[in-house]
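With mmCIF, C-alpha atoms and all ligand atoms inside, this is my_file23.cif:
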data_final
loop_
_atom_site.group_PDB
_atom_site.id
_atom_site.type_symbol
_atom_site.label_atom_id
_atom_site.label_comp_id
_atom_site.auth_asym_id
_atom_site.auth_seq_id
_atom_site.Cartn_x
_atom_site.Cartn_y
_atom_site.Cartn_z
ATOM 1 C CA MET A 1036 0.000 0.000 0.000
ATOM 2 C CA LEU A 1037 2.665 2.503 1.033
ATOM 3 C CA ARG A 1038 4.824 1.523 -1.901
ATOM 4 C CA GLY A 1039 1.825 2.045 -4.198
ATOM 5 C CA LEU A 1040 1.230 5.501 -2.781
ATOM 6 C CA ALA A 1041 4.875 6.443 -3.229
ATOM 7 C CA ALA A 1042 4.688 5.428 -6.878
ATOM 8 C CA MET A 1043 1.579 7.598 -7.342
ATOM 9 C CA VAL A 1044 3.264 10.572 -5.719
ATOM 10 C CA SER A 1045 6.225 10.615 -8.120
ATOM 11 C CA ARG A 1046 5.343 12.752 -11.106
ATOM 12 C CA ALA A 1047 4.950 11.370 -14.603
ATOM 13 C CA GLU A 1048 4.390 13.644 -17.594
ATOM 14 C CA PRO A 1049 0.877 12.815 -18.826
ATOM 15 C CA LEU A 1050 1.838 13.044 -22.512
ATOM 16 C CA ALA A 1051 5.292 11.424 -22.412
ATOM 17 C CA ALA A 1052 4.122 8.617 -24.703
ATOM 18 C CA LEU A 1053 2.964 11.116 -27.360
ATOM 19 C CA GLU A 1054 6.001 13.400 -27.167
ATOM 20 C CA ALA A 1055 7.630 12.224 -30.417
ATOM 21 C CA LYS A 1056 4.411 12.514 -32.430
ATOM 22 C CA ILE A 1057 3.697 15.950 -30.948
ATOM 23 C CA ALA A 1058 7.198 17.169 -31.828
ATOM 24 C CA ALA A 1059 6.977 15.784 -35.370
ATOM 25 C CA THR A 1060 3.569 17.297 -36.220
ATOM 26 C CA THR A 1061 3.469 20.881 -37.471
ATOM 27 C CA VAL A 1062 1.529 22.967 -39.951
ATOM 28 C CA ASP A 1063 3.926 25.648 -41.150
ATOM 29 C CA ASP A 1064 4.826 27.402 -37.863
ATOM 30 C CA THR A 1065 1.862 25.959 -35.967
ATOM 31 C CA ARG A 1066 2.711 23.411 -33.331
ATOM 32 C CA LEU A 1067 1.664 21.810 -30.086
ATOM 33 C CA THR A 1068 3.882 21.980 -27.003
ATOM 34 C CA THR A 1069 3.315 20.151 -23.762
ATOM 35 C CA VAL A 1070 3.412 22.090 -20.511
ATOM 36 C CA PRO A 1071 3.246 19.066 -18.213
ATOM 37 C CA PHE A 1072 3.245 20.841 -14.887
ATOM 38 C CA LEU A 1073 1.866 24.207 -13.846
ATOM 39 C CA ALA A 1074 1.055 25.708 -10.467
ATOM 40 C CA GLN A 1075 -2.737 26.034 -10.368
ATOM 41 C CA VAL A 1076 -4.583 27.399 -7.373
ATOM 42 C CA GLY A 1077 -8.372 27.472 -7.108
ATOM 43 C CA LEU A 1078 -10.120 30.451 -5.512
ATOM 44 C CA ARG A 1079 -13.704 30.471 -4.249
ATOM 45 C CA LEU A 1080 -15.023 33.728 -2.851
ATOM 46 C CA ASP A 1081 -17.699 36.385 -3.144
ATOM 47 C CA PRO A 1082 -16.378 38.976 -5.648
ATOM 48 C CA ASP A 1083 -18.290 41.670 -3.747
ATOM 49 C CA GLY A 1084 -17.094 40.469 -0.340
ATOM 50 C CA PRO A 1085 -14.211 41.630 1.832
ATOM 51 C CA ALA A 1086 -11.650 39.164 0.428
ATOM 52 C CA ALA A 1087 -11.781 40.497 -3.128
ATOM 53 C CA ALA A 1088 -10.046 43.805 -2.360
ATOM 54 C CA ARG A 1089 -7.366 42.104 -0.234
ATOM 55 C CA LEU A 1090 -6.791 39.581 -3.043
ATOM 56 C CA ALA A 1091 -6.483 42.322 -5.662
ATOM 57 C CA ALA A 1092 -3.609 43.798 -3.652
ATOM 58 C CA VAL A 1093 -1.813 40.418 -3.533
ATOM 59 C CA LEU A 1094 -2.551 39.496 -7.152
ATOM 60 C CA GLY A 1095 -1.715 42.934 -8.529
ATOM 61 C CA SER A 1096 -5.010 43.011 -10.428
ATOM 62 C CA ASP A 1097 -8.738 42.834 -9.881
ATOM 63 C CA LEU A 1098 -10.389 39.455 -10.263
ATOM 64 C CA PRO A 1099 -11.423 39.140 -13.939
ATOM 65 C CA GLY A 1100 -15.068 38.990 -14.985
ATOM 66 C CA PRO A 1101 -16.851 36.311 -17.039
ATOM 67 C CA ASN A 1102 -14.756 34.526 -19.676
ATOM 68 C CA ARG A 1103 -11.798 36.821 -18.976
ATOM 69 C CA ALA A 1104 -8.186 36.130 -18.020
ATOM 70 C CA VAL A 1105 -5.717 38.692 -16.681
ATOM 71 C CA ALA A 1106 -1.954 38.535 -16.499
ATOM 72 C CA ALA A 1107 -0.640 39.889 -13.222
ATOM 73 C CA GLY A 1108 3.035 39.635 -12.378
ATOM 74 C CA ALA A 1109 4.255 36.071 -12.716
ATOM 75 C CA HIS A 1110 0.799 34.508 -12.863
ATOM 76 C CA ARG A 1111 -2.498 34.583 -14.727
ATOM 77 C CA VAL A 1112 -5.936 34.670 -13.173
ATOM 78 C CA LEU A 1113 -8.714 32.917 -15.088
ATOM 79 C CA TRP A 1114 -12.451 33.328 -14.472
ATOM 80 C CA LEU A 1115 -14.152 29.957 -13.943
ATOM 81 C CA GLY A 1116 -17.520 30.966 -12.494
ATOM 82 C CA PRO A 1117 -19.336 33.744 -10.636
ATOM 83 C CA ASP A 1118 -17.464 32.948 -7.422
ATOM 84 C CA GLU A 1119 -14.560 30.908 -8.784
ATOM 85 C CA TRP A 1120 -11.152 31.639 -10.345
ATOM 86 C CA LEU A 1121 -7.971 29.738 -11.178
ATOM 87 C CA VAL A 1122 -4.544 31.269 -10.626
ATOM 88 C CA VAL A 1123 -1.948 29.760 -12.973
ATOM 89 C CA ALA A 1124 1.811 30.158 -12.535
ATOM 90 C CA ALA A 1125 5.032 28.312 -13.271
ATOM 91 C CA ASP A 1126 5.588 24.852 -11.824
ATOM 92 C CA GLY A 1127 6.963 25.071 -8.301
ATOM 93 C CA GLN A 1128 5.112 28.262 -7.352
ATOM 94 C CA GLU A 1129 2.111 26.455 -5.871
ATOM 95 C CA ASP A 1130 3.145 26.447 -2.213
ATOM 96 C CA SER A 1131 4.086 30.129 -2.058
ATOM 97 C CA LEU A 1132 1.027 31.056 -4.114
ATOM 98 C CA VAL A 1133 -1.316 29.135 -1.803
ATOM 99 C CA ALA A 1134 0.281 30.749 1.236
ATOM 100 C CA SER A 1135 -0.035 34.321 -0.046
ATOM 101 C CA LEU A 1136 -3.542 33.855 -1.455
ATOM 102 C CA ALA A 1137 -4.787 32.075 1.681
ATOM 103 C CA SER A 1138 -3.528 34.882 3.896
ATOM 104 C CA ALA A 1139 -5.396 37.394 1.716
ATOM 105 C CA VAL A 1140 -8.627 35.405 1.592
ATOM 106 C CA GLY A 1141 -8.606 34.431 5.272
ATOM 107 C CA GLU A 1142 -11.961 33.085 6.413
ATOM 108 C CA ASP A 1143 -13.869 34.786 3.591
ATOM 109 C CA GLY A 1144 -13.424 32.102 0.940
ATOM 110 C CA GLY A 1145 -11.446 29.056 -0.118
ATOM 111 C CA VAL A 1146 -7.944 28.586 -1.556
ATOM 112 C CA ILE A 1147 -6.813 25.167 -2.710
ATOM 113 C CA ASP A 1148 -3.865 23.763 -4.659
ATOM 114 C CA LEU A 1149 -5.291 22.178 -7.841
ATOM 115 C CA SER A 1150 -1.971 21.831 -9.690
ATOM 116 C CA SER A 1151 -2.422 18.097 -10.289
ATOM 117 C CA ASN A 1152 -5.915 18.558 -11.684
ATOM 118 C CA ARG A 1153 -4.934 19.742 -15.148
ATOM 119 C CA THR A 1154 -1.956 19.528 -17.481
ATOM 120 C CA GLY A 1155 -1.090 22.087 -20.149
ATOM 121 C CA LEU A 1156 -1.017 21.945 -23.948
ATOM 122 C CA GLU A 1157 0.119 25.046 -25.785
ATOM 123 C CA LEU A 1158 -1.130 25.460 -29.330
ATOM 124 C CA SER A 1159 0.676 28.226 -31.181
ATOM 125 C CA GLY A 1160 1.199 29.510 -34.696
ATOM 126 C CA ALA A 1161 -0.622 31.156 -37.566
ATOM 127 C CA PHE A 1162 -2.995 28.195 -37.969
ATOM 128 C CA ALA A 1163 -3.717 27.597 -34.272
ATOM 129 C CA ARG A 1164 -7.288 28.875 -34.627
ATOM 130 C CA GLU A 1165 -7.916 26.642 -37.641
ATOM 131 C CA VAL A 1166 -6.633 23.638 -35.694
ATOM 132 C CA LEU A 1167 -8.970 24.419 -32.784
ATOM 133 C CA ALA A 1168 -11.876 24.774 -35.191
ATOM 134 C CA THR A 1169 -11.440 21.137 -36.255
ATOM 135 C CA CYS A 1170 -12.446 19.848 -32.827
ATOM 136 C CA CYS A 1171 -14.023 22.657 -30.775
ATOM 137 C CA THR A 1172 -17.273 24.524 -31.511
ATOM 138 C CA ILE A 1173 -16.381 27.767 -29.713
ATOM 139 C CA ASP A 1174 -15.947 30.698 -32.117
ATOM 140 C CA PHE A 1175 -12.367 31.912 -31.705
ATOM 141 C CA HIS A 1176 -12.583 34.426 -34.548
ATOM 142 C CA PRO A 1177 -10.835 37.671 -33.497
ATOM 143 C CA ARG A 1178 -14.069 39.633 -33.842
ATOM 144 C CA VAL A 1179 -15.507 37.724 -30.851
ATOM 145 C CA PHE A 1180 -12.513 36.194 -29.035
ATOM 146 C CA GLY A 1181 -8.958 37.290 -28.343
ATOM 147 C CA PRO A 1182 -6.071 37.491 -25.901
ATOM 148 C CA GLY A 1183 -7.344 38.027 -22.379
ATOM 149 C CA GLN A 1184 -10.326 35.751 -22.863
ATOM 150 C CA CYS A 1185 -10.699 32.210 -21.562
ATOM 151 C CA VAL A 1186 -13.406 29.614 -21.930
ATOM 152 C CA GLN A 1187 -14.362 26.329 -20.326
ATOM 153 C CA THR A 1188 -15.802 24.074 -22.985
ATOM 154 C CA LEU A 1189 -15.429 20.724 -24.733
ATOM 155 C CA ILE A 1190 -12.963 19.372 -27.253
ATOM 156 C CA GLN A 1191 -15.169 16.614 -28.581
ATOM 157 C CA LYS A 1192 -16.070 14.725 -25.370
ATOM 158 C CA ALA A 1193 -13.363 16.098 -23.086
ATOM 159 C CA GLY A 1194 -13.661 19.141 -20.859
ATOM 160 C CA VAL A 1195 -11.018 21.792 -21.459
ATOM 161 C CA LEU A 1196 -10.135 25.246 -20.180
ATOM 162 C CA ILE A 1197 -8.739 27.377 -23.013
ATOM 163 C CA ASP A 1198 -6.809 30.564 -22.251
ATOM 164 C CA GLN A 1199 -5.894 32.693 -25.262
ATOM 165 C CA ARG A 1200 -2.513 34.197 -24.397
ATOM 166 C CA THR A 1201 -1.531 36.042 -27.587
ATOM 167 C CA ASP A 1202 -3.015 36.571 -31.036
ATOM 168 C CA ASP A 1203 -1.921 33.077 -32.034
ATOM 169 C CA THR A 1204 -1.190 31.223 -28.789
ATOM 170 C CA TYR A 1205 -3.700 29.242 -26.739
ATOM 171 C CA LEU A 1206 -2.990 27.392 -23.509
ATOM 172 C CA LEU A 1207 -5.297 24.415 -23.080
ATOM 173 C CA LEU A 1208 -5.674 22.987 -19.580
ATOM 174 C CA VAL A 1209 -7.046 19.442 -19.514
ATOM 175 C CA ARG A 1210 -7.386 16.598 -17.052
ATOM 176 C CA PRO A 1211 -4.242 14.439 -17.262
ATOM 177 C CA SER A 1212 -6.268 11.324 -18.113
ATOM 178 C CA PHE A 1213 -7.921 13.140 -21.053
ATOM 179 C CA ALA A 1214 -4.754 14.860 -22.264
ATOM 180 C CA ALA A 1215 -3.829 12.195 -24.832
ATOM 181 C CA TYR A 1216 -7.382 12.230 -26.209
ATOM 182 C CA VAL A 1217 -7.318 16.023 -26.607
ATOM 183 C CA ALA A 1218 -3.786 16.018 -28.046
ATOM 184 C CA GLU A 1219 -4.742 13.350 -30.597
ATOM 185 C CA TRP A 1220 -7.719 15.443 -31.759
ATOM 186 C CA LEU A 1221 -5.480 18.505 -32.167
ATOM 187 C CA LEU A 1222 -2.801 16.486 -33.976
ATOM 188 C CA ASP A 1223 -5.459 15.001 -36.223
ATOM 189 C CA GLY A 1224 -6.646 18.525 -37.045
ATOM 190 C CA MET A 1225 -3.067 19.478 -37.902
ATOM 191 C CA LEU A 1226 -2.661 16.442 -40.150
ATOM 192 C CA GLY A 1227 -5.884 17.407 -41.939
ATOM 193 C CA LEU A 1228 -4.581 20.922 -42.536
ATOM 194 C CA GLN A 1229 -1.265 19.509 -43.762
ATOM 195 C CA ALA A 1230 -3.206 17.456 -46.305
ATOM 196 C CA ASP A 1231 -5.074 20.589 -47.413
ATOM 197 C CA PHE A 1232 -1.782 22.363 -48.026
ATOM 198 C CA SER A 1233 -0.167 19.498 -49.927
ATOM 199 C CA THR A 1234 -3.048 19.411 -52.421
ATOM 200 C CA ARG A 1235 -3.067 23.157 -53.064
ATOM 201 C CA MET B 519 -28.417 21.747 -31.987
ATOM 202 C CA PHE B 520 -29.735 23.871 -29.122
ATOM 203 C CA GLN B 521 -27.917 26.939 -28.026
ATOM 204 C CA ILE B 522 -28.571 27.685 -24.381
ATOM 205 C CA ARG B 523 -27.716 31.000 -22.751
ATOM 206 C CA CYS B 524 -25.873 30.301 -19.508
ATOM 207 C CA PRO B 525 -26.685 33.307 -17.289
ATOM 208 C CA TYR B 526 -23.022 33.374 -16.258
ATOM 209 C CA CYS B 527 -21.043 32.425 -19.415
ATOM 210 C CA GLY B 528 -23.366 33.434 -22.260
ATOM 211 C CA PRO B 529 -24.677 31.325 -25.148
ATOM 212 C CA ARG B 530 -23.116 27.885 -25.560
ATOM 213 C CA ASP B 531 -23.890 24.687 -27.448
ATOM 214 C CA GLU B 532 -26.151 22.162 -25.779
ATOM 215 C CA PRO B 533 -23.528 19.373 -25.282
ATOM 216 C CA GLU B 534 -21.925 21.585 -22.604
ATOM 217 C CA PHE B 535 -25.092 21.279 -20.495
ATOM 218 C CA LYS B 536 -26.869 18.626 -18.442
ATOM 219 C CA TYR B 537 -30.637 18.602 -18.056
ATOM 220 C CA GLY B 538 -32.064 18.829 -14.545
ATOM 221 C CA GLY B 539 -35.824 18.435 -14.970
ATOM 222 C CA GLN B 540 -38.679 20.718 -13.997
ATOM 223 C CA ALA B 541 -37.722 23.880 -12.102
ATOM 224 C CA HIS B 542 -39.330 25.289 -8.957
ATOM 225 C CA VAL B 543 -40.270 21.940 -7.414
ATOM 226 C CA ALA B 544 -40.095 22.955 -3.771
ATOM 227 C CA TYR B 545 -38.582 20.577 -1.239
ATOM 228 C CA PRO B 546 -41.306 19.567 1.232
ATOM 229 C CA ALA B 547 -41.299 21.684 4.374
ATOM 230 C CA ASP B 548 -41.684 18.636 6.581
ATOM 231 C CA PRO B 549 -40.749 15.510 4.597
ATOM 232 C CA GLU B 550 -41.336 13.144 7.522
ATOM 233 C CA GLN B 551 -45.028 14.053 7.549
ATOM 234 C CA LEU B 552 -45.495 12.980 3.902
ATOM 235 C CA SER B 553 -47.320 9.797 2.987
ATOM 236 C CA ASP B 554 -45.555 7.385 0.660
ATOM 237 C CA GLU B 555 -47.753 8.609 -2.163
ATOM 238 C CA GLU B 556 -46.952 12.271 -1.476
ATOM 239 C CA TRP B 557 -43.226 11.501 -1.273
ATOM 240 C CA THR B 558 -43.386 9.575 -4.542
ATOM 241 C CA ARG B 559 -45.201 12.506 -6.128
ATOM 242 C CA PHE B 560 -42.469 14.934 -4.942
ATOM 243 C CA LEU B 561 -39.650 12.699 -6.152
ATOM 244 C CA PHE B 562 -40.939 11.467 -9.484
ATOM 245 C CA VAL B 563 -44.094 13.149 -10.765
ATOM 246 C CA ARG B 564 -43.559 16.189 -12.990
ATOM 247 C CA ASP B 565 -45.687 18.330 -15.276
ATOM 248 C CA ASN B 566 -45.540 17.202 -18.877
ATOM 249 C CA SER B 567 -47.179 20.186 -20.470
ATOM 250 C CA ARG B 568 -47.011 21.556 -23.987
ATOM 251 C CA GLY B 569 -45.746 25.109 -24.270
ATOM 252 C CA ARG B 570 -43.531 27.230 -22.072
ATOM 253 C CA TYR B 571 -41.896 25.109 -19.403
ATOM 254 C CA ALA B 572 -39.483 26.166 -16.631
ATOM 255 C CA GLU B 573 -36.681 23.661 -16.267
ATOM 256 C CA ARG B 574 -33.272 23.353 -14.661
ATOM 257 C CA TRP B 575 -30.015 23.036 -16.547
ATOM 258 C CA ASN B 576 -26.437 22.693 -15.352
ATOM 259 C CA HIS B 577 -23.545 24.179 -17.331
ATOM 260 C CA ALA B 578 -21.581 20.998 -16.741
ATOM 261 C CA ALA B 579 -18.660 21.617 -19.131
ATOM 262 C CA GLY B 580 -18.512 25.337 -18.360
ATOM 263 C CA CYS B 581 -18.993 27.163 -15.080
ATOM 264 C CA ARG B 582 -20.785 24.126 -13.509
ATOM 265 C CA ARG B 583 -23.632 26.325 -12.187
ATOM 266 C CA TRP B 584 -27.304 25.372 -12.047
ATOM 267 C CA PHE B 585 -29.774 27.826 -13.544
ATOM 268 C CA ASN B 586 -33.276 27.868 -15.019
ATOM 269 C CA VAL B 587 -34.478 27.961 -18.602
ATOM 270 C CA ILE B 588 -37.882 28.653 -20.135
ATOM 271 C CA ARG B 589 -38.236 26.313 -23.106
ATOM 272 C CA ASP B 590 -41.244 25.778 -25.321
ATOM 273 C CA THR B 591 -41.792 22.020 -25.248
ATOM 274 C CA GLY B 592 -43.783 22.188 -28.480
ATOM 275 C CA THR B 593 -41.270 24.101 -30.595
ATOM 276 C CA HIS B 594 -37.998 23.758 -28.583
ATOM 277 C CA GLU B 595 -37.750 27.543 -28.633
ATOM 278 C CA MET B 596 -35.344 28.638 -25.895
ATOM 279 C CA VAL B 597 -37.340 31.572 -24.555
ATOM 280 C CA GLY B 598 -34.745 32.657 -21.998
ATOM 281 C CA SER B 599 -32.747 31.731 -18.937
ATOM 282 C CA TYR B 600 -32.387 33.107 -15.424
ATOM 283 C CA ARG B 601 -30.307 32.450 -12.332
ATOM 284 C CA SER B 602 -31.359 30.486 -9.294
ATOM 285 C CA GLY B 603 -33.105 32.954 -7.030
ATOM 286 C CA GLU B 604 -34.448 34.990 -9.951
ATOM 287 C CA ARG B 605 -38.034 34.688 -11.169
ATOM 288 C CA PRO B 606 -39.281 33.194 -14.446
ATOM 289 C CA GLU B 607 -40.305 36.731 -15.468
ATOM 290 C CA ASP B 608 -36.589 37.607 -15.310
ATOM 291 C CA ALA B 609 -35.792 35.146 -18.131
ATOM 292 C CA ARG B 610 -33.943 36.695 -21.043
HETATM 293 ZN ZN ZN C 1301 -21.825 28.818 -17.460
#

Translate this structure into structure tokens?
Ligand SMILES: [Zn+2]
Amino acid sequence: MLRGLAAMVSRAEPLAALEAKIAATTVDDTRLTTVPFLAQVGLRLDPDGPAAARLAAVLGSDLPGPNRAVAAGAHRVLWLGPDEWLVVAADGQEDSLVASLASAVGEDGGVIDLSSNRTGLELSGAFAREVLATCCTIDFHPRVFGPGQCVQTLIQKAGVLIDQRTDDTYLLLVRPSFAAYVAEWLLDGMLGLQADFSTR
Amino acid sequence: MFQIRCPYCGPRDEPEFKYGGQAHVAYPADPEQLSDEEWTRFLFVRDNSRGRYAERWNHAAGCRRWFNVIRDTGTHEMVGSYRSGERPEDAR
């Protein structure tokens, strides 16, 4: 039992088995990159309550509104729901982030380390939006979606949190056990676009 | 495919949502006083009317919140949605 737990505690990259295929699949400059580990801290609080102002001081920004993401210092804050946010930072920051956020929130909400809950996939390049369109029904056209917006939705059957970081870069956060499924759909979309190009 | 307006996230495609049955079915004030038939009625018996129907939906793949929708059961028109605690007249 203890030995089993120890094995579970050691970290394995969720997409290690797909790494070669991911590296080999591109459409022009568009590619997928794994971001296996990220610090991710969940926040639950009343945005009109006393914790919100204290948090803003710690985060360096107000909590974002619906479907919005803000960059503040070394982390990003993503809106997940009317009383729920996710703070995302580099791997290793989770303990210090939890400590500073928990001291700001105090008894007026909840702060929890969710870093193991999702792994990252970065889709970047001039055709990133076209690749997403092959497997996700959200409209990412720049007239309705852009950097600073995030969305929780589905890629086919799998839940995904998509954070648009730049004009042509999206960070997808997915459950580790669904990461291969999501990556395969994105890679399949890239292969389809490759085929389109080769017949032009 | 339906589009449903989540009162928190905005319009999204129906696969993001889970259906929750008729809305505004009040939990009995004193469940222990209910007869078996009354309890059965509370748990299982729902209106099955044609026309505008208030029902619960959960934005399962989005913000995960429950809310209410007015849907026309004859035409599938999504008349509007409103948050828990708001009234059917608030649907938009
Ligand atoms: Zn929602």

Exercise. Using the chain letters and numbers from the file, give me the residues hit by the PyMOL selection byres ((chain A) within 6 of (chain B)), as a ChimeraX atom specification.
Key: /A:1115-1116,1187-1188,1194

Env of Arg570 of chain B: 9 Å cut, atoms = all atoms listed in the file, seq-sep filter 3 positions within chain, self excluded. Answer as a compact mmCIF listing (two decimals) with C-alpha atoms, in the frame of the given file.
# COMPACT_ATOMS: atom_id res chain seq x y z
CA SER B 567 -47.18 20.19 -20.47
CA ILE B 588 -37.88 28.65 -20.14
CA ARG B 589 -38.24 26.31 -23.11
CA ASP B 590 -41.24 25.78 -25.32
CA THR B 591 -41.79 22.02 -25.25
CA GLY B 592 -43.78 22.19 -28.48
CA GLU B 595 -37.75 27.54 -28.63
CA VAL B 597 -37.34 31.57 -24.56

Using only the atoms of segment 1069-1084 of chain A listed in the file, plus 3 Å on each side, state the axis-aligned box centre and edge lengths in Å rounded to one decimal, as JSON.
{"center_x": -7.4, "center_y": 30.4, "center_z": -12.1, "size_x": 27.7, "size_y": 28.6, "size_z": 29.4}

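Using all atoms listed in the file for every distance, the candidate list B:Arg564, B:His542, B:Arg610, B:Arg601 yields B:Arg601 as the residue closest to ligand ZN 1301 (chain C).
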
Quiz prompt | Polymer residues at most 6 Å from Ser599 of chain B, all atoms listed in the file, same-chain spacing of 5 or more positions, as a ChimeraX atom specification | solution = /B:586-587,609-610

Quiz prompt | atom CA of Ala572 of chain B to atom CA of Phe535 of chain B, distance in Å rounded to a single decimal | solution =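 Straight-line distance from atom CA of Ala572 of chain B to atom CA of Phe535 of chain B works out to 15.7 Å.
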
Exercise. Using all atoms listed in the file, determine which residues lie at most 10 Å from Asp1148 of chain A, disregarding the query and same-chain residues fewer than 4 positions distant; provide the list as a ChimeraX atom specification.
Key: /A:1074-1078,1121-1122,1129-1130,1132-1133,1152

Exercise. To verify the selection step, state as a list in words which residues the PyMOL selection byres (((chain A and resi 1124-1126) around 7) and not hetatm) yields on this input.
Key: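 Answer for the PyMOL selection byres (((chain A and resi 1124-1126) around 7) and not hetatm): Phe1072, Leu1073, Ala1074, Gln1075, Ala1109, His1110, Arg1111, Val1122, Val1123, Gly1127 and Gln1128 of chain A.
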
Practice problem: Decode the PyMOL selection byres (((chain A and resi 1200-1208) around 9) and not hetatm) for the given file into explicit residues and return them as an MDAnalysis selection string. | Solution: chainID A and resid 1065 1070 1104 1153:1164 1177 1181:1185 1194:1199 1209:1211 1214
